[in-house]
file input_8.csv (CSV, C-alpha atoms and all ligand atoms)
chain,number,residue,atom,x,y,z
A,1,MET,CA,41.4,162.1,-2.6
A,2,GLU,CA,42.4,163.8,-5.8
A,3,LYS,CA,46.2,164.0,-6.3
A,4,LEU,CA,47.5,167.0,-4.4
A,5,LEU,CA,51.3,166.9,-4.6
A,6,SER,CA,53.5,166.1,-7.6
A,7,HIS,CA,57.0,166.0,-6.2
A,8,LEU,CA,59.7,167.6,-4.1
A,9,ALA,CA,60.7,170.8,-5.8
A,10,HIS,CA,63.5,172.3,-3.7
A,11,LEU,CA,65.1,172.3,-0.3
A,12,GLU,CA,66.4,175.1,1.7
A,13,ILE,CA,69.2,174.3,4.2
A,14,ALA,CA,71.1,176.4,6.7
A,15,SER,CA,74.9,176.4,7.0
A,16,PRO,CA,77.2,178.3,9.4
A,17,ASP,CA,79.5,179.0,6.4
A,18,VAL,CA,77.3,179.5,3.3
A,19,GLU,CA,80.3,180.1,1.0
A,20,ALA,CA,82.1,176.9,2.1
A,21,SER,CA,78.9,174.8,1.6
A,22,ALA,CA,78.1,176.5,-1.8
A,23,THR,CA,81.7,175.9,-3.0
A,24,PHE,CA,81.4,172.3,-2.0
A,25,TYR,CA,78.2,171.7,-3.9
A,26,ALA,CA,79.5,173.6,-7.0
A,27,GLU,CA,83.1,172.5,-7.2
A,28,ARG,CA,83.2,169.1,-5.5
A,29,PHE,CA,79.7,167.8,-6.3
A,30,GLY,CA,79.1,169.4,-9.7
A,31,MET,CA,76.0,171.5,-9.1
A,32,ARG,CA,75.9,175.0,-10.4
A,33,ILE,CA,75.3,178.3,-8.6
A,34,VAL,CA,72.5,180.1,-10.4
A,35,ASP,CA,71.6,183.0,-8.1
A,36,ARG,CA,72.7,184.9,-5.0
A,37,VAL,CA,70.0,186.9,-3.2
A,38,ASP,CA,70.3,188.5,0.2
A,39,GLY,CA,73.1,186.1,1.3
A,40,ALA,CA,71.3,183.0,0.1
A,41,VAL,CA,72.9,180.9,-2.6
A,42,TYR,CA,70.7,179.1,-5.1
A,43,LEU,CA,72.1,175.9,-6.9
A,44,ARG,CA,70.8,173.5,-9.5
A,45,ALA,CA,71.8,170.1,-10.8
A,46,TRP,CA,71.9,169.9,-14.6
A,47,GLY,CA,68.7,167.8,-14.8
A,48,ASP,CA,66.6,169.9,-12.4
A,49,TYR,CA,63.6,171.2,-14.3
A,50,TYR,CA,63.2,174.4,-12.2
A,51,GLU,CA,65.7,177.1,-11.8
A,52,TYR,CA,67.1,175.6,-8.6
A,53,SER,CA,66.7,172.7,-6.3
A,54,LEU,CA,68.9,173.7,-3.3
A,55,VAL,CA,69.0,177.0,-1.4
A,56,ILE,CA,71.7,177.6,1.2
A,57,VAL,CA,71.0,180.2,3.8
A,58,SER,CA,73.1,181.4,6.7
A,59,GLY,CA,72.4,179.8,10.1
A,60,PRO,CA,74.2,179.0,13.3
A,61,GLU,CA,73.9,175.2,12.7
A,62,PRO,CA,73.3,172.8,9.8
A,63,ALA,CA,69.5,172.4,9.5
A,64,LEU,CA,66.7,172.0,7.0
A,65,THR,CA,64.8,175.3,6.9
A,66,ARG,CA,62.2,174.5,4.2
A,67,MET,CA,61.1,171.7,2.0
A,68,ALA,CA,59.1,172.8,-1.0
A,69,TRP,CA,56.5,170.5,-2.7
A,70,ARG,CA,55.0,171.3,-6.0
A,71,THR,CA,51.2,170.7,-6.1
A,72,ALA,CA,49.5,168.9,-9.0
A,73,SER,CA,47.7,172.1,-10.1
A,74,ALA,CA,46.8,175.6,-8.9
A,75,GLU,CA,43.5,174.2,-7.6
A,76,ALA,CA,45.3,171.4,-5.7
A,77,LEU,CA,47.3,174.1,-3.9
A,78,GLU,CA,44.1,175.6,-2.6
A,79,VAL,CA,42.8,172.2,-1.6
A,80,ALA,CA,46.0,171.1,0.1
A,81,ALA,CA,46.2,174.3,2.1
A,82,ARG,CA,42.6,173.9,3.2
A,83,ARG,CA,43.3,170.4,4.3
A,84,VAL,CA,46.3,171.4,6.4
A,85,GLN,CA,44.3,174.1,8.1
A,86,GLU,CA,41.4,171.7,8.7
A,87,ALA,CA,43.9,169.4,10.3
A,88,GLY,CA,44.5,172.1,12.9
A,89,ILE,CA,47.8,173.5,11.5
A,90,GLU,CA,48.1,177.2,11.1
A,91,GLY,CA,49.8,178.3,7.9
A,92,THR,CA,50.8,181.5,6.1
A,93,TRP,CA,50.1,182.4,2.5
A,94,VAL,CA,53.1,184.2,0.8
A,95,GLN,CA,52.4,186.0,-2.5
A,96,SER,CA,55.7,185.1,-4.0
A,97,GLY,CA,59.3,184.1,-3.4
A,98,HIS,CA,62.5,183.9,-5.4
A,99,ARG,CA,61.4,182.5,-8.7
A,100,PHE,CA,58.1,181.0,-7.4
A,101,GLY,CA,54.6,182.3,-7.0
A,102,ARG,CA,51.9,182.1,-4.4
A,103,ALA,CA,52.8,179.5,-1.7
A,104,PHE,CA,51.3,178.1,1.5
A,105,GLU,CA,53.9,177.7,4.2
A,106,PHE,CA,53.4,175.9,7.5
A,107,THR,CA,55.3,173.9,10.1
A,108,GLY,CA,54.1,170.3,10.1
A,109,PRO,CA,52.8,168.6,13.3
A,110,TYR,CA,56.3,167.2,14.0
A,111,GLY,CA,58.2,170.4,13.5
A,112,HIS,CA,59.2,170.4,9.8
A,113,PRO,CA,59.0,173.6,7.8
A,114,MET,CA,57.0,173.0,4.6
A,115,ARG,CA,56.1,175.0,1.5
A,116,LEU,CA,53.4,174.1,-0.9
A,117,VAL,CA,53.6,175.8,-4.3
A,118,TYR,CA,52.4,175.4,-7.8
A,119,GLU,CA,54.0,178.3,-9.8
A,120,LEU,CA,57.7,177.6,-10.1
A,121,GLN,CA,59.9,179.1,-12.7
A,122,ARG,CA,61.2,176.5,-15.1
A,123,PHE,CA,64.8,176.6,-16.0
A,124,THR,CA,65.5,178.0,-19.5
A,125,ALA,CA,68.8,177.2,-21.1
A,126,ASP,CA,70.7,179.7,-23.1
A,127,GLU,CA,73.0,179.1,-26.1
A,128,THR,CA,75.8,177.7,-24.0
A,129,THR,CA,73.7,175.4,-21.8
A,130,ARG,CA,71.1,174.2,-24.2
A,131,SER,CA,71.0,170.4,-24.6
A,132,ILE,CA,70.7,168.5,-27.9
A,133,TYR,CA,68.0,166.5,-26.1
A,134,PRO,CA,64.9,168.7,-26.4
A,135,ASP,CA,63.5,167.4,-23.1
A,136,ARG,CA,66.6,168.0,-21.0
A,137,PRO,CA,66.6,171.4,-19.2
A,138,GLU,CA,70.3,171.8,-20.0
A,139,LYS,CA,73.4,169.8,-21.2
A,140,ARG,CA,74.7,167.0,-19.0
A,141,SER,CA,77.3,168.4,-16.7
A,142,GLN,CA,81.0,167.9,-17.6
A,143,HIS,CA,81.8,167.5,-13.9
A,144,ALA,CA,82.5,163.8,-13.2
A,145,ALA,CA,80.6,163.8,-9.9
A,146,ALA,CA,77.5,165.7,-10.9
A,147,PRO,CA,74.1,164.5,-9.8
A,148,ARG,CA,71.2,164.7,-12.3
A,149,PHE,CA,68.5,166.1,-9.9
A,150,LEU,CA,67.2,166.4,-6.4
A,151,ASP,CA,65.7,163.1,-5.2
A,152,HIS,CA,64.4,163.1,-1.6
A,153,VAL,CA,64.9,164.3,2.0
A,154,THR,CA,64.9,162.2,5.1
A,155,VAL,CA,63.8,163.9,8.4
A,156,ALA,CA,63.7,162.9,12.0
A,157,THR,CA,60.5,162.7,14.2
A,158,SER,CA,59.3,161.6,17.6
A,159,ASP,CA,56.6,159.3,16.0
A,160,VAL,CA,57.4,157.7,12.7
A,161,ARG,CA,54.0,156.0,12.1
A,162,GLY,CA,52.1,159.1,13.4
A,163,MET,CA,54.0,161.4,11.0
A,164,ALA,CA,53.6,159.0,8.0
A,165,GLN,CA,49.9,158.7,8.7
A,166,TRP,CA,49.4,162.5,9.0
A,167,TYR,CA,51.1,163.3,5.7
A,168,SER,CA,49.1,160.4,4.1
A,169,ASP,CA,45.8,161.5,5.5
A,170,VAL,CA,46.2,165.2,4.9
A,171,LEU,CA,48.3,165.5,1.8
A,172,GLY,CA,47.9,162.2,0.1
A,173,PHE,CA,51.4,160.8,0.5
A,174,ARG,CA,51.5,157.0,-0.1
A,175,ILE,CA,53.1,155.1,2.8
A,176,MET,CA,55.5,152.6,1.1
A,177,ALA,CA,57.3,150.8,4.0
A,178,PHE,CA,58.2,150.7,7.6
A,179,THR,CA,61.1,149.3,9.6
A,180,ASP,CA,60.5,148.1,13.2
A,181,LEU,CA,63.1,147.0,15.7
A,182,GLU,CA,63.7,143.2,15.9
A,183,GLU,CA,63.2,143.3,19.7
A,184,ALA,CA,59.9,145.2,20.0
A,185,PRO,CA,57.2,146.7,17.8
A,186,ILE,CA,58.9,150.1,17.8
A,187,THR,CA,58.9,151.8,14.3
A,188,VAL,CA,62.2,153.5,13.6
A,189,PHE,CA,61.9,154.3,9.9
A,190,SER,CA,59.3,154.8,7.1
A,191,VAL,CA,59.3,155.9,3.5
A,192,ILE,CA,56.4,157.9,2.0
A,193,THR,CA,56.0,159.2,-1.5
A,194,THR,CA,54.0,161.6,-3.7
A,195,ASN,CA,54.8,159.7,-6.9
A,196,GLU,CA,56.1,156.5,-8.4
A,197,LYS,CA,59.4,156.4,-6.4
A,198,SER,CA,59.7,154.5,-3.1
A,199,HIS,CA,60.1,157.8,-1.4
A,200,ASP,CA,60.6,161.5,-1.7
A,201,LEU,CA,60.2,161.8,2.1
A,202,GLY,CA,62.0,159.5,4.5
A,203,ILE,CA,61.2,159.5,8.2
A,204,VAL,CA,63.6,158.3,11.0
A,205,LEU,CA,62.8,158.0,14.7
A,206,ASP,CA,64.3,160.7,16.9
A,207,THR,CA,64.5,160.4,20.7
A,208,SER,CA,65.9,163.9,21.1
A,209,ASP,CA,63.7,166.7,22.3
A,210,ARG,CA,64.4,168.9,19.2
A,211,PRO,CA,61.6,168.7,16.6
A,212,GLY,CA,62.0,169.2,12.9
A,213,ARG,CA,65.5,167.8,12.4
A,214,VAL,CA,66.9,166.4,9.2
A,215,ASN,CA,69.0,163.2,8.7
A,216,HIS,CA,70.0,163.8,5.1
A,217,ILE,CA,69.2,165.4,1.7
A,218,ALA,CA,69.5,163.3,-1.4
A,219,PHE,CA,70.3,163.6,-5.1
A,220,TRP,CA,70.1,161.3,-8.0
A,221,VAL,CA,72.3,159.8,-10.8
A,222,ASP,CA,71.1,157.6,-13.6
A,223,THR,CA,73.2,154.6,-13.1
A,224,LEU,CA,75.2,152.6,-10.5
A,225,GLU,CA,78.3,153.4,-12.5
A,226,ASP,CA,77.6,157.1,-12.1
A,227,LEU,CA,77.3,156.6,-8.4
A,228,PHE,CA,80.6,154.7,-8.1
A,229,ARG,CA,82.3,157.4,-10.2
A,230,THR,CA,80.9,160.1,-7.8
A,231,ALA,CA,82.3,158.1,-4.9
A,232,ASP,CA,85.7,157.9,-6.7
A,233,VAL,CA,85.8,161.6,-7.5
A,234,LEU,CA,84.8,162.7,-4.0
A,235,MET,CA,87.4,160.5,-2.4
A,236,GLU,CA,90.1,161.6,-4.9
A,237,HIS,CA,89.4,165.2,-3.9
A,238,GLY,CA,89.3,164.8,-0.2
A,239,THR,CA,85.7,164.0,0.7
A,240,ASP,CA,85.3,160.8,2.8
A,241,ILE,CA,82.5,158.5,2.1
A,242,GLU,CA,80.4,158.0,5.3
A,243,TYR,CA,78.6,154.9,4.2
A,244,GLY,CA,78.2,152.8,1.0
A,245,PRO,CA,78.1,152.4,-1.9
A,246,SER,CA,75.6,149.7,-1.4
A,247,VAL,CA,71.8,149.0,-2.0
A,248,HIS,CA,68.9,149.7,0.3
A,249,GLY,CA,66.4,146.8,0.7
A,250,ILE,CA,63.6,149.3,1.1
A,251,GLY,CA,63.2,151.1,-2.2
A,252,GLU,CA,66.0,149.0,-3.8
A,253,GLN,CA,68.1,152.1,-4.4
A,254,ASN,CA,71.8,152.2,-4.6
A,255,PHE,CA,73.2,154.6,-2.0
A,256,LEU,CA,76.2,156.6,-1.0
A,257,TYR,CA,76.5,159.0,1.9
A,258,PHE,CA,79.0,161.8,2.6
A,259,ARG,CA,79.0,165.1,4.4
A,260,GLU,CA,79.1,168.7,3.2
A,261,PRO,CA,81.3,171.3,5.0
A,262,SER,CA,78.6,172.1,7.6
A,263,GLY,CA,78.5,168.5,8.6
A,264,LEU,CA,75.1,167.9,7.0
A,265,ARG,CA,74.8,164.5,5.4
A,266,VAL,CA,74.2,164.2,1.7
A,267,GLU,CA,73.1,161.0,-0.1
A,268,LEU,CA,73.4,160.0,-3.7
A,269,ASN,CA,71.0,157.4,-5.2
A,270,SER,CA,70.5,155.5,-8.4
A,271,GLY,CA,68.2,152.6,-9.3
A,272,GLY,CA,65.2,151.7,-7.3
A,273,TYR,CA,61.8,150.4,-8.2
A,274,ARG,CA,58.8,152.3,-9.5
A,275,ASN,CA,55.4,151.7,-7.9
A,276,TYR,CA,52.1,153.1,-9.1
A,277,VAL,CA,49.8,151.0,-6.9
A,278,PRO,CA,47.3,153.5,-5.5
A,279,ASP,CA,46.2,151.2,-2.6
A,280,TRP,CA,49.7,149.9,-1.7
A,281,GLU,CA,49.9,148.4,1.7
A,282,ALA,CA,53.2,149.1,3.4
A,283,ASN,CA,55.2,146.1,4.6
A,284,THR,CA,57.0,146.3,7.9
A,285,TRP,CA,60.6,145.3,7.5
A,286,LEU,CA,63.0,144.1,10.2
A,287,PRO,CA,66.6,145.2,10.0
A,288,HIS,CA,67.9,141.6,9.6
A,289,GLN,CA,66.0,141.5,6.3
A,290,GLY,CA,68.4,144.2,4.9
A,291,SER,CA,66.0,147.1,5.1
A,292,ASN,CA,69.0,149.5,4.8
A,293,ASN,CA,72.0,147.6,3.5
A,294,PHE,CA,70.5,144.7,1.6
A,295,PHE,CA,73.8,142.8,1.3
A,296,ARG,CA,74.1,142.8,5.2
A,297,ASN,CA,77.8,142.4,5.0
A,298,GLY,CA,79.0,145.7,6.4
A,299,GLU,CA,78.5,147.5,9.7
A,300,MET,CA,76.8,150.9,9.4
A,301,PRO,CA,79.0,153.6,11.0
A,302,HIS,CA,77.6,155.0,14.2
A,303,SER,CA,77.9,158.5,12.8
A,304,MET,CA,74.8,157.7,10.6
A,305,THR,CA,72.6,158.2,13.7
A,306,GLU,CA,73.5,161.9,13.8
A,307,SER,CA,70.8,164.3,12.6
A,308,PHE,CA,70.8,168.1,12.3
A,309,PRO,CA,70.9,170.4,14.1
A,310,PRO,CA,72.8,168.4,16.7
A,311,ALA,CA,70.9,167.5,19.8
A,312,GLU,CA,71.1,165.2,22.8
A,313,GLY,CA,69.4,161.9,22.0
A,314,HIS,CA,69.5,159.4,19.2
A,315,THR,CA,68.1,159.1,15.7
A,316,ALA,CA,67.5,155.8,13.9
A,317,THR,CA,68.5,155.3,10.3
A,318,GLU,CA,67.2,153.2,7.4
A,319,GLU,CA,69.0,150.3,9.1
A,320,GLY,CA,67.2,150.6,12.4
A,321,ALA,CA,68.5,151.8,15.7
A,322,SER,CA,72.0,151.7,17.2
A,323,GLU,CA,72.6,149.5,20.2
A,324,GLU,CA,72.7,152.7,22.3
A,325,MET,CA,69.3,153.9,20.9
A,326,LYS,CA,67.8,150.4,21.4
A,327,ALA,CA,68.8,150.4,25.0
A,328,ALA,CA,67.1,153.8,25.5
A,329,LEU,CA,64.0,152.7,23.6
A,330,LEU,CA,63.6,149.3,25.2
A,331,ASN,CA,64.5,150.3,28.8
A,332,PRO,CA,64.1,154.1,29.1
A,333,TYR,CA,64.1,153.9,32.9
A,334,ALA,CA,67.5,152.4,33.0
A,335,GLN,CA,68.7,155.0,30.5
A,336,HIS,CA,67.5,157.8,32.7
A,337,GLY,CA,69.0,156.3,35.9
A,338,ARG,CA,65.6,155.4,37.3
A,339,GLY,CA,65.6,151.6,36.8
B,401,FE,FE,67.8,158.5,1.8

call {"tool": "encode", "arguments": {"input": "input_8.csv", "output": "structure tokens"}}
result
Amino acid sequence: MEKLLSHLAHLEIASPDVEASATFYAERFGMRIVDRVDGAVYLRAWGDYYEYSLVIVSGPEPALTRMAWRTASAEALEVAARRVQEAGIEGTWVQSGHRFGRAFEFTGPYGHPMRLVYELQRFTADETTRSIYPDRPEKRSQHAAAPRFLDHVTVATSDVRGMAQWYSDVLGFRIMAFTDLEEAPITVFSVITTNEKSHDLGIVLDTSDRPGRVNHIAFWVDTLEDLFRTADVLMEHGTDIEYGPSVHGIGEQNFLYFREPSGLRVELNSGGYRNYVPDWEANTWLPHQGSNNFFRNGEMPHSMTESFPPAEGHTATEEGASEEMKAALLNPYAQHGRG
């Protein structure tokens, strides 16, 4: 298959309080508000190549309302849309959106709202924002916590292997790794990618009956020192760290998790491997190998199993499943009072 997708271009999230969320990303996290249109707030990190990477829209609950992928070419957009339709998914062509051109939008087979687009408006710096590095879209932020750019999104699904395989077969994502439970061959996590990173789409198992949920959105900083400083700045100014800093076994990225005002989980990453192998065969990790926290010396907080919008049921994490979720997965009859 020719290369169809290049990378994750932007995410649209819903928040019950758009202003509170936008203020958090701008003032606490060091992103910048670039546009406000029809109640939506558009934000960028200083190293994002397009005008924006995060859109916050009004909604009753925290949720992921769109993930936008840039195709490798205008032709690849046509091919990708055709492949989605041939796989039995109805989609819609939109002629343009805010600072992007023709796009194909669809809801994936596991309930996730997708946008495929080639024409995206590049960010153009002005006199005050122009970097002395010609290749930087703008100057490095003066904010001590600021991320460089959008990194990935991790969503929840009823079938981790099925979802990874669909996006691999239809759109050419490479499947990079799986995590199975220790106790049974139940897959609770996978990472898939459009490029050299370990993932720009993470997938966790969800036993709720609500499709299309999101576990977290993630941004990037250059170094581990930057990540530690972000944790320091967030804590100094009243934002608790949910989990980390530490390093994932899968992907070998440093991680840090915290929440924005809507409750949505945000991750910050640095480091990680690069992998260009076109016929990579995914390893299946077990949690005791440190798939999530490679140092294996700290207990993951139970709150990490929450996905968004909230729903009855459990979601796994990079670390595997909670004891509660394992009990439900391994003995569903007992869980439902039928055992
Ligand atoms: Fe992540």

call {"tool": "residues_near_point", "arguments": {"input": "input_8.csv", "point": "(68.5, 165.7, 25.2)", "cutoff": "8 Å", "atoms": "all atoms listed in the file", "output": "PyMOL selection string"}}
result
chain A and resi 208-210+311-313

call {"tool": "closest_atom_pairs", "arguments": {"input": "input_8.csv", "of": "chain A", "to": "ligand FE 401 (chain B)", "cutoff": "10 Å", "atoms": "only C-alpha atoms and all ligand atoms", "output": "CSV"}}
result
residue,atom,partner,partner_atom,distance
A:Asp151,CA,B:FE401,FE,8.6
A:His152,CA,B:FE401,FE,6.7
A:Val153,CA,B:FE401,FE,6.5
A:Thr154,CA,B:FE401,FE,5.7
A:Val155,CA,B:FE401,FE,9.4
A:Val191,CA,B:FE401,FE,9.0
A:His199,CA,B:FE401,FE,8.4
A:Asp200,CA,B:FE401,FE,8.5
A:Leu201,CA,B:FE401,FE,8.3
A:Gly202,CA,B:FE401,FE,6.5
A:Ile203,CA,B:FE401,FE,9.2
A:Asn215,CA,B:FE401,FE,8.4
A:His216,CA,B:FE401,FE,6.6
A:Ile217,CA,B:FE401,FE,7.0
A:Ala218,CA,B:FE401,FE,6.0
A:Phe219,CA,B:FE401,FE,8.9
A:His248,CA,B:FE401,FE,9.0
A:Gly251,CA,B:FE401,FE,9.6
A:Gln253,CA,B:FE401,FE,8.9
A:Asn254,CA,B:FE401,FE,9.8
A:Phe255,CA,B:FE401,FE,7.7
A:Leu256,CA,B:FE401,FE,9.1
A:Tyr257,CA,B:FE401,FE,8.7
A:Arg265,CA,B:FE401,FE,9.9
A:Val266,CA,B:FE401,FE,8.6
A:Glu267,CA,B:FE401,FE,6.2
A:Leu268,CA,B:FE401,FE,8.0
A:Asn269,CA,B:FE401,FE,7.8
A:Asn292,CA,B:FE401,FE,9.6
A:Thr317,CA,B:FE401,FE,9.1
A:Glu318,CA,B:FE401,FE,7.7

call {"tool": "closest_residue", "arguments": {"input": "input_8.csv", "among": "A:Gly101, A:Pro147, A:Pro185, A:Pro245", "to": "Trp220 of chain A", "atoms": "all atoms listed in the file"}}
result
A:Pro147

call {"tool": "closest_atom_pairs", "arguments": {"input": "input_8.csv", "of": "segment 211-279 of chain A", "to": "segment 18-38 of chain A", "cutoff": "8 Å", "atoms": "all atoms listed in the file", "output": "Markdown table"}}
result
| residue | atom | partner | partner_atom | distance |
| --- | --- | --- | --- | --- |
| A:Thr230 | CA | A:Phe29 | CA | 7.9 |
| A:Leu234 | CA | A:Arg28 | CA | 6.8 |
| A:His237 | CA | A:Arg28 | CA | 7.5 |
| A:Glu260 | CA | A:Ser21 | CA | 6.3 |
| A:Pro261 | CA | A:Ser21 | CA | 5.4 |
| A:Ser262 | CA | A:Ser21 | CA | 6.6 |

call {"tool": "closest_residue", "arguments": {"input": "input_8.csv", "among": "A:Glu236, A:Asp226, A:Glu299, A:Glu12", "to": "Ala63 of chain A", "atoms": "only C-alpha atoms"}}
result
A:Glu12

call {"tool": "closest_residue", "arguments": {"input": "input_8.csv", "among": "A:Gln85, A:Thr284, A:Thr305, A:Thr124", "to": "Ile250 of chain A", "atoms": "only C-alpha atoms"}}
result
A:Thr284

call {"tool": "closest_residue", "arguments": {"input": "input_8.csv", "among": "A:Leu120, A:Ala145, A:Met176, A:Ile89", "to": "Ala74 of chain A", "atoms": "all atoms listed in the file"}}
result
A:Leu120

call {"tool": "closest_residue", "arguments": {"input": "input_8.csv", "among": "A:Asn275, A:Ser6, A:Gln142, A:Thr179", "to": "Glu196 of chain A", "atoms": "all atoms listed in the file"}}
result
A:Asn275

call {"tool": "closest_atom_pairs", "arguments": {"input": "input_8.csv", "of": "segment 151-229 of chain A", "to": "segment 321-324 of chain A", "cutoff": "10 Å", "atoms": "all atoms listed in the file", "output": "JSON lines"}}
result
{"residue": "A:Thr179", "atom": "CA", "partner": "A:Ala321", "partner_atom": "CA", "distance": 9.9}
{"residue": "A:Asp180", "atom": "CA", "partner": "A:Ala321", "partner_atom": "CA", "distance": 9.2}
{"residue": "A:Leu181", "atom": "CA", "partner": "A:Ala321", "partner_atom": "CA", "distance": 7.2}
{"residue": "A:Glu182", "atom": "CA", "partner": "A:Ala321", "partner_atom": "CA", "distance": 9.9}
{"residue": "A:Ile186", "atom": "CA", "partner": "A:Ala321", "partner_atom": "CA", "distance": 10.0}
{"residue": "A:Thr187", "atom": "CA", "partner": "A:Ala321", "partner_atom": "CA", "distance": 9.7}
{"residue": "A:Val188", "atom": "CA", "partner": "A:Ala321", "partner_atom": "CA", "distance": 6.9}
{"residue": "A:Phe189", "atom": "CA", "partner": "A:Ala321", "partner_atom": "CA", "distance": 9.1}
{"residue": "A:Val204", "atom": "CA", "partner": "A:Ala321", "partner_atom": "CA", "distance": 9.4}
{"residue": "A:Leu205", "atom": "CA", "partner": "A:Ala321", "partner_atom": "CA", "distance": 8.5}
{"residue": "A:Asp206", "atom": "CA", "partner": "A:Ala321", "partner_atom": "CA", "distance": 9.9}

call {"tool": "atom_distance", "arguments": {"input": "input_8.csv", "atom1": "atom CA of Pro310 of chain A", "atom2": "atom CA of Gly59 of chain A"}}
result
13.2 Å

call {"tool": "residues_around", "arguments": {"input": "input_8.csv", "residues": "Asp48 of chain A", "least_positions_apart": "3", "cutoff": "8 Å", "atoms": "all atoms listed in the file", "output": "MDAnalysis selection string"}}
result
chainID A and resid 44:45 51:53 123 137 148:150

call {"tool": "decode", "arguments": {"input": "input_8.csv", "residues": "segment 30-51 of chain A", "atoms": "C-alpha atoms", "output": "PDB file, in the first residue's frame"}}
result
ATOM      1  CA  GLY A  30       1.822  27.530  27.717  1.00  0.00           C
ATOM      2  CA  MET A  31      -0.139  27.020  24.509  1.00  0.00           C
ATOM      3  CA  ARG A  32      -1.482  30.044  22.654  1.00  0.00           C
ATOM      4  CA  ILE A  33      -5.029  30.933  21.600  1.00  0.00           C
ATOM      5  CA  VAL A  34      -4.926  31.783  17.896  1.00  0.00           C
ATOM      6  CA  ASP A  35      -8.588  31.918  16.892  1.00  0.00           C
ATOM      7  CA  ARG A  36     -12.092  32.022  18.285  1.00  0.00           C
ATOM      8  CA  VAL A  37     -14.872  31.023  15.877  1.00  0.00           C
ATOM      9  CA  ASP A  38     -18.507  30.309  16.739  1.00  0.00           C
ATOM     10  CA  GLY A  39     -17.699  29.526  20.361  1.00  0.00           C
ATOM     11  CA  ALA A  40     -14.764  27.247  19.512  1.00  0.00           C
ATOM     12  CA  VAL A  41     -11.275  28.148  20.719  1.00  0.00           C
ATOM     13  CA  TYR A  42      -8.257  27.231  18.562  1.00  0.00           C
ATOM     14  CA  LEU A  43      -4.873  26.783  20.239  1.00  0.00           C
ATOM     15  CA  ARG A  44      -1.339  26.025  19.112  1.00  0.00           C
ATOM     16  CA  ALA A  45       1.911  24.976  20.708  1.00  0.00           C
ATOM     17  CA  TRP A  46       4.936  26.991  19.619  1.00  0.00           C
ATOM     18  CA  GLY A  47       6.340  24.187  17.460  1.00  0.00           C
ATOM     19  CA  ASP A  48       3.114  23.199  15.693  1.00  0.00           C
ATOM     20  CA  TYR A  49       3.584  23.625  11.949  1.00  0.00           C
ATOM     21  CA  TYR A  50      -0.082  24.343  11.226  1.00  0.00           C
ATOM     22  CA  GLU A  51      -2.133  27.203  12.599  1.00  0.00           C
TER      23      GLU A  51
END
